[in-house]
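Text of the file upload_17.txt, holding compact mmCIF, C-alpha atoms:
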# COMPACT_ATOMS: atom_id res chain seq x y z
CA MET F 1 0.00 0.00 0.00
CA SER F 2 1.07 3.56 -0.64
CA ALA F 3 1.72 6.19 2.01
CA PRO F 4 -1.02 8.79 2.53
CA ARG F 5 -0.48 12.52 2.25
CA LEU F 6 -0.44 14.62 5.41
CA ALA F 7 -3.74 16.17 4.31
CA ASP F 8 -5.28 12.68 4.14
CA VAL F 9 -4.03 11.78 7.61
CA ALA F 10 -5.30 15.06 9.04
CA ARG F 11 -8.69 14.46 7.45
CA VAL F 12 -8.94 10.99 9.03
CA LEU F 13 -7.99 12.36 12.45
CA GLU F 14 -10.48 15.21 12.14
CA ARG F 15 -13.23 12.73 11.33
CA ARG F 16 -12.56 10.92 14.61
CA TYR F 17 -11.87 14.08 16.60
CA PRO F 18 -13.84 16.89 14.91
CA PRO F 19 -12.22 20.30 15.50
CA SER F 20 -15.73 21.76 15.83
CA THR F 21 -16.13 19.88 19.14
CA ALA F 22 -13.08 21.54 20.71
CA GLU F 23 -13.59 24.18 23.38
CA SER F 24 -13.64 27.76 22.09
CA TRP F 25 -10.37 28.57 23.87
CA ASP F 26 -8.54 25.56 22.43
CA ALA F 27 -6.04 25.42 19.56
CA VAL F 28 -6.29 22.11 17.71
CA GLY F 29 -5.37 20.81 14.29
CA LEU F 30 -2.29 21.00 12.11
CA VAL F 31 0.46 23.18 13.59
CA THR F 32 3.19 22.66 11.01
CA GLY F 33 3.69 20.51 7.93
CA ASP F 34 3.10 20.46 4.18
CA PRO F 35 -0.34 18.98 3.39
CA ASP F 36 1.14 17.26 0.30
CA GLN F 37 4.03 15.56 2.08
CA PRO F 38 3.85 11.76 2.38
CA VAL F 39 3.39 10.30 5.85
CA ARG F 40 4.92 6.90 6.58
CA ARG F 41 5.53 7.07 10.33
CA VAL F 42 3.37 8.71 12.99
CA LEU F 43 4.40 9.18 16.62
CA PHE F 44 1.72 9.75 19.28
CA ALA F 45 2.56 11.59 22.50
CA VAL F 46 0.84 13.61 25.22
CA ASP F 47 3.06 16.72 25.08
CA PRO F 48 4.86 18.55 22.23
CA VAL F 49 8.13 18.92 24.16
CA ALA F 50 11.80 18.60 23.26
CA THR F 51 12.21 14.97 24.30
CA VAL F 52 9.27 13.95 22.11
CA VAL F 53 10.83 15.81 19.18
CA ASP F 54 14.08 13.92 19.89
CA GLU F 55 12.22 10.62 19.72
CA ALA F 56 10.34 11.59 16.56
CA LEU F 57 13.44 12.66 14.66
CA GLU F 58 15.51 9.69 15.84
CA TRP F 59 12.77 7.32 14.64
CA GLY F 60 12.23 9.17 11.38
CA ALA F 61 8.62 10.19 12.05
CA ASP F 62 6.83 12.23 9.41
CA LEU F 63 4.15 13.37 11.84
CA VAL F 64 3.79 13.80 15.58
CA VAL F 65 0.26 13.78 16.98
CA THR F 66 0.07 15.21 20.49
CA HIS F 67 -2.80 15.67 22.87
CA HIS F 68 -1.68 19.02 24.21
CA PRO F 69 -1.27 21.97 21.82
CA LEU F 70 2.09 23.65 21.42
CA LEU F 71 0.65 27.09 20.67
CA LEU F 72 -2.36 27.22 22.98
CA LYS F 73 -1.77 30.87 23.82
CA GLY F 74 -1.07 33.54 21.26
CA VAL F 75 2.54 34.15 20.28
CA THR F 76 4.20 36.94 18.34
CA SER F 77 7.28 34.99 17.32
CA VAL F 78 8.31 31.42 16.57
CA ALA F 79 11.98 32.28 16.30
CA ALA F 80 14.36 29.51 17.30
CA THR F 81 15.52 31.76 20.15
CA THR F 82 12.33 30.79 22.05
CA PHE F 83 11.77 27.28 23.37
CA LYS F 84 8.55 26.81 21.40
CA GLY F 85 10.10 28.27 18.29
CA ALA F 86 13.04 25.89 18.67
CA VAL F 87 10.63 22.93 18.74
CA LEU F 88 8.97 24.11 15.54
CA HIS F 89 12.27 24.77 13.76
CA ARG F 90 13.55 21.31 14.59
CA LEU F 91 10.37 19.70 13.32
CA VAL F 92 10.42 21.72 10.09
CA ARG F 93 14.09 20.98 9.44
CA GLY F 94 13.42 17.30 10.08
CA GLY F 95 10.45 17.20 7.71
CA CYS F 96 8.16 16.23 10.57
CA ALA F 97 4.67 17.69 10.89
CA LEU F 98 2.83 18.38 14.17
CA LEU F 99 -0.91 18.03 14.83
CA ALA F 100 -2.77 18.53 18.11
CA ALA F 101 -6.03 16.81 19.16
CA HIS F 102 -6.92 18.22 22.57
CA THR F 103 -10.43 18.89 23.87
CA ASN F 104 -11.81 17.50 20.60
CA ALA F 105 -10.22 14.18 21.60
CA ASP F 106 -11.37 14.32 25.22
CA ALA F 107 -15.03 13.61 24.57
CA ALA F 108 -14.81 11.61 21.33
CA THR F 109 -15.65 7.93 21.03
CA ASP F 110 -12.44 6.05 21.90
CA GLY F 111 -11.02 9.37 23.01
CA VAL F 112 -9.30 10.31 26.26
CA ALA F 113 -12.29 9.64 28.54
CA ASP F 114 -13.12 6.29 26.95
CA ALA F 115 -9.48 5.21 27.09
CA LEU F 116 -9.21 5.95 30.81
CA ALA F 117 -12.45 4.08 31.48
CA GLN F 118 -11.18 1.09 29.50
CA VAL F 119 -7.83 0.73 31.28
CA LEU F 120 -9.62 0.92 34.63
CA GLY F 121 -11.87 -1.97 33.58
CA LEU F 122 -15.21 -0.16 33.49
CA VAL F 123 -18.23 -1.73 31.79
CA ASP F 124 -21.64 -0.31 30.85
CA VAL F 125 -19.91 3.01 30.16
CA GLU F 126 -21.77 6.19 29.23
CA PRO F 127 -20.89 9.91 29.15
CA LEU F 128 -20.70 11.58 32.53
CA LEU F 129 -22.07 14.77 30.96
CA ALA F 130 -23.51 13.92 27.56
CA ASP F 131 -23.12 16.45 24.79
CA ALA F 132 -26.27 17.53 23.05
CA GLY F 133 -26.55 16.01 19.63
CA PRO F 134 -25.74 18.27 16.68
CA ALA F 135 -28.30 20.91 15.76
CA LEU F 136 -29.92 19.56 12.61
CA ASP F 137 -32.51 20.62 10.06
CA LYS F 138 -34.65 18.29 8.02
CA HIS F 139 -35.08 19.59 4.48
CA VAL F 140 -38.20 18.38 2.66
CA VAL F 141 -38.35 19.18 -1.06
CA PHE F 142 -41.01 18.38 -3.66
CA VAL F 143 -39.56 17.93 -7.14
CA PRO F 144 -40.50 16.18 -10.40
CA VAL F 145 -39.35 12.56 -10.13
CA ALA F 146 -36.85 12.80 -13.00
CA ASP F 147 -35.13 15.78 -11.38
CA ALA F 148 -34.86 14.32 -7.87
CA PRO F 149 -31.33 12.81 -8.26
CA ARG F 150 -29.92 16.17 -9.40
CA VAL F 151 -31.49 17.96 -6.44
CA VAL F 152 -30.16 15.34 -4.00
CA ASP F 153 -26.67 15.68 -5.48
CA ALA F 154 -26.73 19.47 -5.12
CA MET F 155 -27.99 19.38 -1.54
CA ALA F 156 -25.42 16.75 -0.60
CA ALA F 157 -22.61 18.87 -2.07
CA ALA F 158 -23.81 21.74 0.15
CA GLY F 159 -23.59 19.61 3.30
CA ALA F 160 -26.89 17.74 3.53
CA GLY F 161 -27.31 14.00 3.90
CA ALA F 162 -24.20 13.23 6.00
CA LEU F 163 -24.89 10.58 8.67
CA GLY F 164 -21.89 9.14 10.48
CA ALA F 165 -19.68 7.41 7.93
CA TYR F 166 -22.28 7.83 5.17
CA GLU F 167 -22.95 10.66 2.75
CA ARG F 168 -25.73 11.61 0.30
CA CYS F 169 -28.33 10.01 2.60
CA ALA F 170 -31.85 10.79 1.43
CA TRP F 171 -35.34 9.33 1.60
CA THR F 172 -37.85 9.74 -1.21
CA THR F 173 -41.40 8.78 -1.98
CA THR F 174 -43.77 9.85 -4.72
CA GLY F 175 -47.13 11.56 -4.87
CA GLU F 176 -49.09 14.11 -6.82
CA GLY F 177 -48.37 17.80 -6.69
CA THR F 178 -50.87 20.32 -8.03
CA PHE F 179 -50.61 24.02 -8.83
CA THR F 180 -52.09 26.71 -11.05
CA PRO F 181 -49.62 29.23 -12.55
CA LEU F 182 -50.88 32.82 -12.26
CA PRO F 183 -50.23 35.72 -14.65
CA GLY F 184 -46.56 36.74 -14.45
CA ALA F 185 -45.36 33.19 -13.72
CA SER F 186 -42.92 31.34 -16.00
CA PRO F 187 -43.83 27.71 -15.27
CA THR F 188 -41.44 24.91 -16.16
CA ILE F 189 -44.43 22.61 -16.52
CA GLY F 190 -47.87 23.68 -17.70
CA SER F 191 -49.23 27.09 -18.66
CA VAL F 192 -50.64 30.18 -16.99
CA GLY F 193 -54.21 29.75 -15.80
CA THR F 194 -54.29 25.98 -16.16
CA ARG F 195 -54.36 23.66 -13.16
CA GLU F 196 -51.54 21.11 -13.34
CA VAL F 197 -51.11 17.75 -11.63
CA VAL F 198 -47.53 16.43 -11.59
CA VAL F 199 -46.05 13.22 -10.21
CA GLU F 200 -43.40 14.48 -7.82
CA ALA F 201 -40.84 13.02 -5.45
CA ARG F 202 -40.78 14.05 -1.81
CA VAL F 203 -37.09 14.24 -0.89
CA GLU F 204 -35.99 14.37 2.77
CA MET F 205 -32.42 15.04 3.89
CA VAL F 206 -30.90 16.19 7.17
CA ALA F 207 -28.21 18.85 7.37
CA PRO F 208 -26.34 20.82 10.04
CA ARG F 209 -28.34 23.87 11.02
CA GLY F 210 -25.38 26.06 10.18
CA ALA F 211 -25.55 24.86 6.57
CA ARG F 212 -29.20 25.89 6.12
CA THR F 213 -28.61 28.80 3.75
CA ALA F 214 -26.11 26.85 1.64
CA VAL F 215 -28.41 23.82 1.34
CA VAL F 216 -31.47 25.86 0.41
CA THR F 217 -29.46 27.85 -2.13
CA ALA F 218 -28.10 24.65 -3.68
CA MET F 219 -31.58 23.13 -3.81
CA ARG F 220 -33.01 26.19 -5.55
CA GLY F 221 -30.18 26.15 -8.08
CA ALA F 222 -30.78 22.50 -9.01
CA HIS F 223 -34.58 22.54 -8.87
CA PRO F 224 -36.37 22.97 -12.21
CA TYR F 225 -39.25 25.00 -10.77
CA GLU F 226 -39.37 28.76 -10.60
CA GLU F 227 -40.84 28.48 -7.08
CA PRO F 228 -39.90 25.15 -5.44
CA ALA F 229 -42.13 23.83 -2.69
CA PHE F 230 -40.03 22.91 0.34
CA ASP F 231 -39.98 22.82 4.13
CA VAL F 232 -37.10 23.30 6.56
CA LEU F 233 -37.87 21.68 9.91
CA GLU F 234 -35.69 22.04 13.01
CA ALA F 235 -35.04 18.58 14.41
CA ALA F 236 -35.08 18.05 18.17
CA SER F 237 -31.64 17.79 19.77
CA LEU F 238 -31.05 14.48 21.53
CA PRO F 239 -28.28 13.54 23.97
CA GLY F 240 -25.26 12.35 22.05
CA SER F 241 -23.06 9.32 22.64
CA THR F 242 -20.09 11.53 23.51
CA GLY F 243 -19.47 14.11 26.18
CA THR F 244 -17.30 15.08 29.12
CA GLY F 245 -15.94 12.15 31.10
CA ARG F 246 -17.40 8.68 31.45
CA VAL F 247 -19.22 6.77 34.15
CA GLY F 248 -19.53 3.00 34.42
CA ARG F 249 -19.15 0.14 36.84
CA LEU F 250 -16.57 -2.45 37.74
CA ALA F 251 -17.36 -6.05 36.86
CA GLU F 252 -16.64 -6.89 40.50
CA PRO F 253 -16.77 -4.42 43.41
CA THR F 254 -13.53 -3.71 45.23
CA THR F 255 -12.13 -1.45 47.93
CA LEU F 256 -10.93 2.10 47.42
CA ARG F 257 -7.34 1.09 48.23
CA ALA F 258 -7.41 -1.79 45.74
CA PHE F 259 -9.01 0.38 43.08
CA ALA F 260 -6.40 3.11 43.55
CA GLN F 261 -3.73 0.43 43.12
CA ARG F 262 -5.48 -0.69 39.93
CA ALA F 263 -5.32 2.89 38.65
CA ALA F 264 -1.62 3.08 39.46
CA ASP F 265 -0.93 -0.21 37.66
CA ALA F 266 -2.97 0.80 34.60
CA THR F 267 -1.36 4.19 33.96
CA PRO F 268 2.23 5.40 33.51
CA ALA F 269 4.32 5.83 36.63
CA THR F 270 4.93 9.43 37.69
CA ALA F 271 6.65 11.15 40.59
CA GLN F 272 3.25 12.04 42.03
CA GLY F 273 1.96 8.51 41.95
CA VAL F 274 -1.73 8.02 42.68
CA ARG F 275 -3.42 9.73 45.61
CA PHE F 276 -6.80 8.81 47.02
CA ALA F 277 -9.19 10.33 49.53
CA GLY F 278 -11.72 8.34 51.52
CA ASP F 279 -11.99 5.16 53.56
CA PRO F 280 -9.32 2.79 52.19
CA ASP F 281 -11.69 -0.13 52.81
CA GLY F 282 -14.70 1.65 51.36
CA ARG F 283 -16.68 -0.17 48.66
CA VAL F 284 -16.14 0.89 45.06
CA GLU F 285 -18.26 -0.27 42.14
CA ARG F 286 -19.59 2.70 40.19
CA VAL F 287 -16.78 4.87 38.82
CA ALA F 288 -16.69 8.30 37.15
CA VAL F 289 -13.62 9.41 35.21
CA VAL F 290 -12.42 12.63 33.58
CA GLY F 291 -8.99 12.71 31.95
CA GLY F 292 -6.96 15.83 32.70
CA SER F 293 -8.01 18.53 35.15
CA GLY F 294 -11.34 17.51 36.65
CA ASP F 295 -12.07 19.99 39.45
CA PRO F 296 -15.23 21.36 37.76
CA PHE F 297 -17.03 18.01 37.61
CA PHE F 298 -17.48 16.96 41.26
CA ASP F 299 -21.21 17.62 41.09
CA ALA F 300 -21.58 15.55 37.93
CA ALA F 301 -19.78 12.60 39.53
CA ARG F 302 -22.02 12.88 42.60
CA ALA F 303 -25.18 13.17 40.50
CA ALA F 304 -24.14 10.06 38.55
CA GLY F 305 -24.05 8.05 41.79
CA ALA F 306 -20.32 7.34 41.49
CA ASP F 307 -18.60 5.63 44.41
CA VAL F 308 -15.29 7.14 43.28
CA TYR F 309 -14.26 9.95 40.97
CA VAL F 310 -10.99 9.51 39.05
CA THR F 311 -9.33 12.55 37.52
CA ALA F 312 -6.16 14.66 37.73
CA ASP F 313 -4.84 17.94 39.12
CA LEU F 314 -7.16 17.99 42.12
CA ARG F 315 -6.48 21.09 44.20
CA HIS F 316 -6.52 21.28 47.98
CA HIS F 317 -9.63 23.34 48.58
CA PRO F 318 -12.02 21.64 46.14
CA ALA F 319 -10.85 18.20 47.31
CA SER F 320 -11.13 19.21 50.96
CA GLU F 321 -14.63 20.59 50.46
CA GLN F 322 -15.64 17.42 48.66
CA ARG F 323 -14.49 15.23 51.56
CA GLU F 324 -16.10 17.54 54.14
CA ARG F 325 -19.36 17.38 52.26
CA ALA F 326 -19.12 13.57 52.19
CA ALA F 327 -18.60 13.47 55.96
CA PHE F 328 -21.53 15.83 56.51
CA ASP F 329 -23.78 13.71 54.29
CA ALA F 330 -22.72 10.56 56.15
CA ARG F 331 -23.71 12.09 59.49
CA ALA F 332 -27.08 12.99 57.98
CA GLY F 333 -27.61 9.43 56.78
CA ARG F 334 -26.99 10.24 53.11
CA ALA F 335 -24.51 8.62 50.74
CA ALA F 336 -21.02 9.84 51.60
CA THR F 337 -19.47 9.49 48.18
CA PRO F 338 -17.74 9.87 45.84
CA TYR F 339 -14.28 9.04 47.02
CA LEU F 340 -11.46 10.65 45.07
CA VAL F 341 -8.57 9.18 43.10
CA ASP F 342 -6.11 11.76 41.80
CA LEU F 343 -3.75 10.85 38.95
CA ALA F 344 -1.00 12.94 37.40
CA HIS F 345 -2.36 14.89 34.45
CA PHE F 346 -0.01 13.17 31.99
CA ALA F 347 -0.88 9.71 33.34
CA SER F 348 -4.63 10.27 33.05
CA GLU F 349 -4.39 11.11 29.34
CA TRP F 350 -1.67 8.74 28.15
CA PRO F 351 -4.02 5.70 27.75
CA TRP F 352 -5.62 7.45 24.77
CA LEU F 353 -2.45 7.24 22.70
CA PRO F 354 -2.57 3.49 21.89
CA LEU F 355 -6.23 3.78 20.88
CA ALA F 356 -5.53 6.76 18.65
CA ALA F 357 -2.58 5.00 17.01
CA ARG F 358 -4.63 1.86 16.43
CA ASP F 359 -7.60 3.74 14.98
CA LEU F 360 -5.50 5.89 12.65
CA ALA F 361 -3.75 2.86 11.18
CA ALA F 362 -7.06 1.04 10.72
CA ASP F 363 -8.82 4.01 9.14
CA LEU F 364 -6.01 4.61 6.66
CA HIS F 365 -5.78 0.90 5.83
CA ALA F 366 -9.50 0.95 4.98
CA GLN F 367 -8.73 3.73 2.50
CA GLY F 368 -5.97 1.73 0.83
CA THR F 369 -2.99 3.47 2.43
CA THR F 370 -0.76 2.52 5.33
CA VAL F 371 1.34 4.12 8.06
CA GLU F 372 3.54 2.81 10.84
CA THR F 373 2.53 4.14 14.24
CA ARG F 374 4.36 4.34 17.53
CA VAL F 375 3.28 5.48 20.99
CA SER F 376 5.88 7.48 22.88
CA VAL F 377 6.84 5.93 26.20
CA ARG F 378 8.85 8.95 27.31
CA CYS F 379 7.37 10.41 30.46
CA THR F 380 6.61 14.06 29.85
CA ASP F 381 5.08 14.68 33.26
CA PRO F 382 6.89 17.82 34.48
CA TRP F 383 7.60 16.48 37.98
CA THR F 384 10.79 14.45 38.29
CA GLY F 385 10.92 13.40 41.93
CA ARG F 386 9.38 13.44 45.37
CA VAL F 387 10.89 13.44 48.85
CA GLY F 388 9.51 13.20 52.38
CA ARG F 389 10.68 14.44 55.74
CA THR F 390 13.61 12.63 57.26
CA ASP F 391 11.94 12.53 60.66
CA SER F 392 8.43 11.93 61.92
CA ARG F 393 7.59 15.49 62.98
CA SER F 394 4.42 16.92 61.46
CA SER F 395 4.75 20.12 59.50
Please go through the file and, once you have read it, give me the structure as structure tokens.
Amino acid sequence: MSAPRLADVARVLERRYPPSTAESWDAVGLVTGDPDQPVRRVLFAVDPVATVVDEALEWGADLVVTHHPLLLKGVTSVAATTFKGAVLHRLVRGGCALLAAHTNADAATDGVADALAQVLGLVDVEPLLADAGPALDKHVVFVPVADAPRVVDAMAAAGAGALGAYERCAWTTTGEGTFTPLPGASPTIGSVGTREVVVEARVEMVAPRGARTAVVTAMRGAHPYEEPAFDVLEAASLPGSTGTGRVGRLAEPTTLRAFAQRAADATPATAQGVRFAGDPDGRVERVAVVGGSGDPFFDAARAAGADVYVTADLRHHPASEQRERAAFDARAGRAATPYLVDLAHFASEWPWLPLAARDLAADLHAQGTTVETRVSVRCTDPWTGRVGRTDSRSS
């Protein structure tokens, strides 16, 4: 099989991790690289840092896909005299592109949240906070039967009829349309003042609401009638299958201590290790997870009935308030959960990399091209060590 172009690889990645689903403050997508360059080797890593660039260039990678963006905040220079500029210059000189999939990969199917849930052994998994489904219109058009394929083609080219991995999706049926052209009309069929009855197709296609004007314009351009009959109906938004975090259950209940050990064994080792808060012998079965910084989602984990909430970067005050609330609820006879398990940020997101590498290779293979993928095993967690007091005095 031949090697794909960088543009082809980026397109496949964007299909799995749509940039439109990224947070408004995020910076995702292609950072550097020629869209026409061939891609034979792809390295996946959490962070776009110097050691990852070392690994990519030593291996001969044509593309590095990272979770975290390199240029998340605005810059005025990418000169090699800055540390970020130096990273970019090395990649460009080495012919290696860089692409970031950040918050658009967090919520996606087989994205960061799913990957963390999988390595922890969760089953019956669903989004912790489900995204609303996309805002869609249903376009209903009445057109002479012979002209229906042309109208469907035009609407599809404008963005209608895309459902998952399918395009040009439409439903048609036939019936009779009737009309009487009035003076001043220029009818395609019939004549002024004469009632006409025409066998017509009813064509239905869905389209993103943002494409409404383009789809209607395309339909009018392809339709043979001077005044097409059509409806645009706003479809109800339904909860999607993706969203922030995941919640599921363990096949067999365990203790908090044992579950925290499972989390440590399932994720890369870091200087922080794995911290937990709660009764070490407390029962754990229902588990909520959010990869990366999860402070904002305590209430969602509680509302989901989680026994434990697994995330990263938990700060003192939010964690303390969570445990105080649990103790207060216990005294009042209410459920005193969730417990907390705090991973290092890097460790909570690394499990996504093997899934992303696997899916990219499979998607490209299905298109008749092939790449070699590798997951970086270099720890890019910023902390390099941890020490304790040399005596037993409390601080």
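Atom to atom, atom CA of F:Tyr339 and atom CA of F:Pro280 stand 9.5 Å apart.
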### Query
Pick the closest to F:Val289 from F:Ser191, F:Thr311, F:Thr21, F:Thr178: which is it, counting only C-alpha atoms?
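Among the listed residues, F:Thr311 lies closest to F:Val289.
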### Message
Please list as a ChimeraX atom specification every residue within 9 Å of stretch 209-226 of chain F, counting only C-alpha atoms and excluding residues in the same chain fewer than 5 positions away.
### Response
/F:134-139,141,143-144,147-148,150-160,185-189,232,234
### Task
With a distance cut-off of 10 Å and only C-alpha atoms, select the neighbouring residues of stretch 76-90 of chain F, excluding the residue or stretch itself and same-chain residues fewer than 2 positions from it, and output the selection as a ChimeraX atom specification.
/F:31-33,48-54,57,70-71,74,92-98
### Message
Measuring between all atoms listed in the file, which one of F:Ala277, F:Pro183, F:Arg16, F:Ser293 shows the shortest distance to F:Glu324?
### Response
F:Ala277
### Message
I'd like to know which of F:Gln37, F:Thr267, F:Thr172, F:Thr103 is closest to F:Ala22, using all atoms listed in the file.
### Response
F:Thr103
### Query
Looking at only C-alpha atoms, which of F:His316, F:Ala344, F:Gly133, F:Arg262 is the one that sits closest to F:Ala235?
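Among the listed residues, the smallest separation from F:Ala235 belongs to F:Gly133.
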#### Entry: Point-to-point distance from atom CA of F:His317 to atom CA of F:Arg302, Å rounded to tenths
17.3 Å
### Message
Using all atoms listed in the file, can you tell me which of F:Ala251, F:Ala335, F:Val140, F:Gln261 comes closest to F:Asp231?
### Response
F:Val140
### Query
Of the candidates F:Asp313, F:Glu321, F:Asp359, F:Glu55, which shows the shortest atom-to-atom distance to F:Gly273, using only C-alpha atoms?
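Result for the nearest residue to F:Gly273: F:Asp313.
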### Message
Counting all atoms listed in the file, which residues have an atom no more than 7 Å from (-18.6, -3.5, 46.6) in the file's coordinates? Please list them as JSON, numbers by chain.
### Response
{"F": [253, 254, 255, 283, 284, 285]}
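As for atom CA of F:Thr174 and atom CA of F:Val199, they are spaced 6.8 Å apart.
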Spatial neighbours of F:Val112, 12 Å, only C-alpha atoms, chain gap at least 5 places, as a PDB file with C-alpha atoms, in the coordinates of the input:
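Everything below was put into out-v4.pdb:
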ATOM      1  CA  TYR F  17     -11.870  14.080  16.600  1.00  0.00           C
ATOM      2  CA  VAL F  46       0.840  13.610  25.220  1.00  0.00           C
ATOM      3  CA  HIS F  67      -2.800  15.670  22.870  1.00  0.00           C
ATOM      4  CA  HIS F  68      -1.680  19.020  24.210  1.00  0.00           C
ATOM      5  CA  ALA F 101      -6.030  16.810  19.160  1.00  0.00           C
ATOM      6  CA  HIS F 102      -6.920  18.220  22.570  1.00  0.00           C
ATOM      7  CA  THR F 103     -10.430  18.890  23.870  1.00  0.00           C
ATOM      8  CA  ASN F 104     -11.810  17.500  20.600  1.00  0.00           C
ATOM      9  CA  ALA F 105     -10.220  14.180  21.600  1.00  0.00           C
ATOM     10  CA  ASP F 106     -11.370  14.320  25.220  1.00  0.00           C
ATOM     11  CA  ALA F 107     -15.030  13.610  24.570  1.00  0.00           C
ATOM     12  CA  ALA F 117     -12.450   4.080  31.480  1.00  0.00           C
ATOM     13  CA  GLN F 118     -11.180   1.090  29.500  1.00  0.00           C
ATOM     14  CA  VAL F 119      -7.830   0.730  31.280  1.00  0.00           C
ATOM     15  CA  PRO F 127     -20.890   9.910  29.150  1.00  0.00           C
ATOM     16  CA  THR F 242     -20.090  11.530  23.510  1.00  0.00           C
ATOM     17  CA  GLY F 243     -19.470  14.110  26.180  1.00  0.00           C
ATOM     18  CA  THR F 244     -17.300  15.080  29.120  1.00  0.00           C
ATOM     19  CA  GLY F 245     -15.940  12.150  31.100  1.00  0.00           C
ATOM     20  CA  ARG F 246     -17.400   8.680  31.450  1.00  0.00           C
ATOM     21  CA  VAL F 289     -13.620   9.410  35.210  1.00  0.00           C
ATOM     22  CA  VAL F 290     -12.420  12.630  33.580  1.00  0.00           C
ATOM     23  CA  GLY F 291      -8.990  12.710  31.950  1.00  0.00           C
ATOM     24  CA  GLY F 292      -6.960  15.830  32.700  1.00  0.00           C
ATOM     25  CA  THR F 311      -9.330  12.550  37.520  1.00  0.00           C
ATOM     26  CA  HIS F 345      -2.360  14.890  34.450  1.00  0.00           C
ATOM     27  CA  PHE F 346      -0.010  13.170  31.990  1.00  0.00           C
ATOM     28  CA  ALA F 347      -0.880   9.710  33.340  1.00  0.00           C
ATOM     29  CA  SER F 348      -4.630  10.270  33.050  1.00  0.00           C
ATOM     30  CA  GLU F 349      -4.390  11.110  29.340  1.00  0.00           C
ATOM     31  CA  TRP F 350      -1.670   8.740  28.150  1.00  0.00           C
ATOM     32  CA  PRO F 351      -4.020   5.700  27.750  1.00  0.00           C
ATOM     33  CA  TRP F 352      -5.620   7.450  24.770  1.00  0.00           C
ATOM     34  CA  LEU F 353      -2.450   7.240  22.700  1.00  0.00           C
ATOM     35  CA  PRO F 354      -2.570   3.490  21.890  1.00  0.00           C
ATOM     36  CA  LEU F 355      -6.230   3.780  20.880  1.00  0.00           C
ATOM     37  CA  ALA F 356      -5.530   6.760  18.650  1.00  0.00           C
TER      38      ALA F 356
END
### Task
Taking the point (9.1, 17.3, 39.2) as given in the file, collect each protein or nucleic acid residue that comes within 10 Å of it, counting all atoms listed in the file, and present the set as a list in words.
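Returned residue set, sorted by chain then number, is Thr270, Ala271, Gln272, Asp381, Pro382, Trp383, Thr384, Gly385 and Arg386 of chain F.
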### Message
Taking 4 positions as the minimum chain separation for residues in the same chain, which residues sit within 6 Å of F:Val65 when counting all atoms listed in the file? Answer as a PyMOL selection string.
### Response
chain F and resi 44+98-100
Return as AutoDock Vina command-line options the box centre and box size in Å, one decimal, for an axis-aligned box around all listed atoms of stretch 188-197 of chain F padded by 4 Å per side.
--center_x -47.9 --center_y 24.0 --center_z -15.1 --size_x 20.9 --size_y 20.4 --size_z 15.0
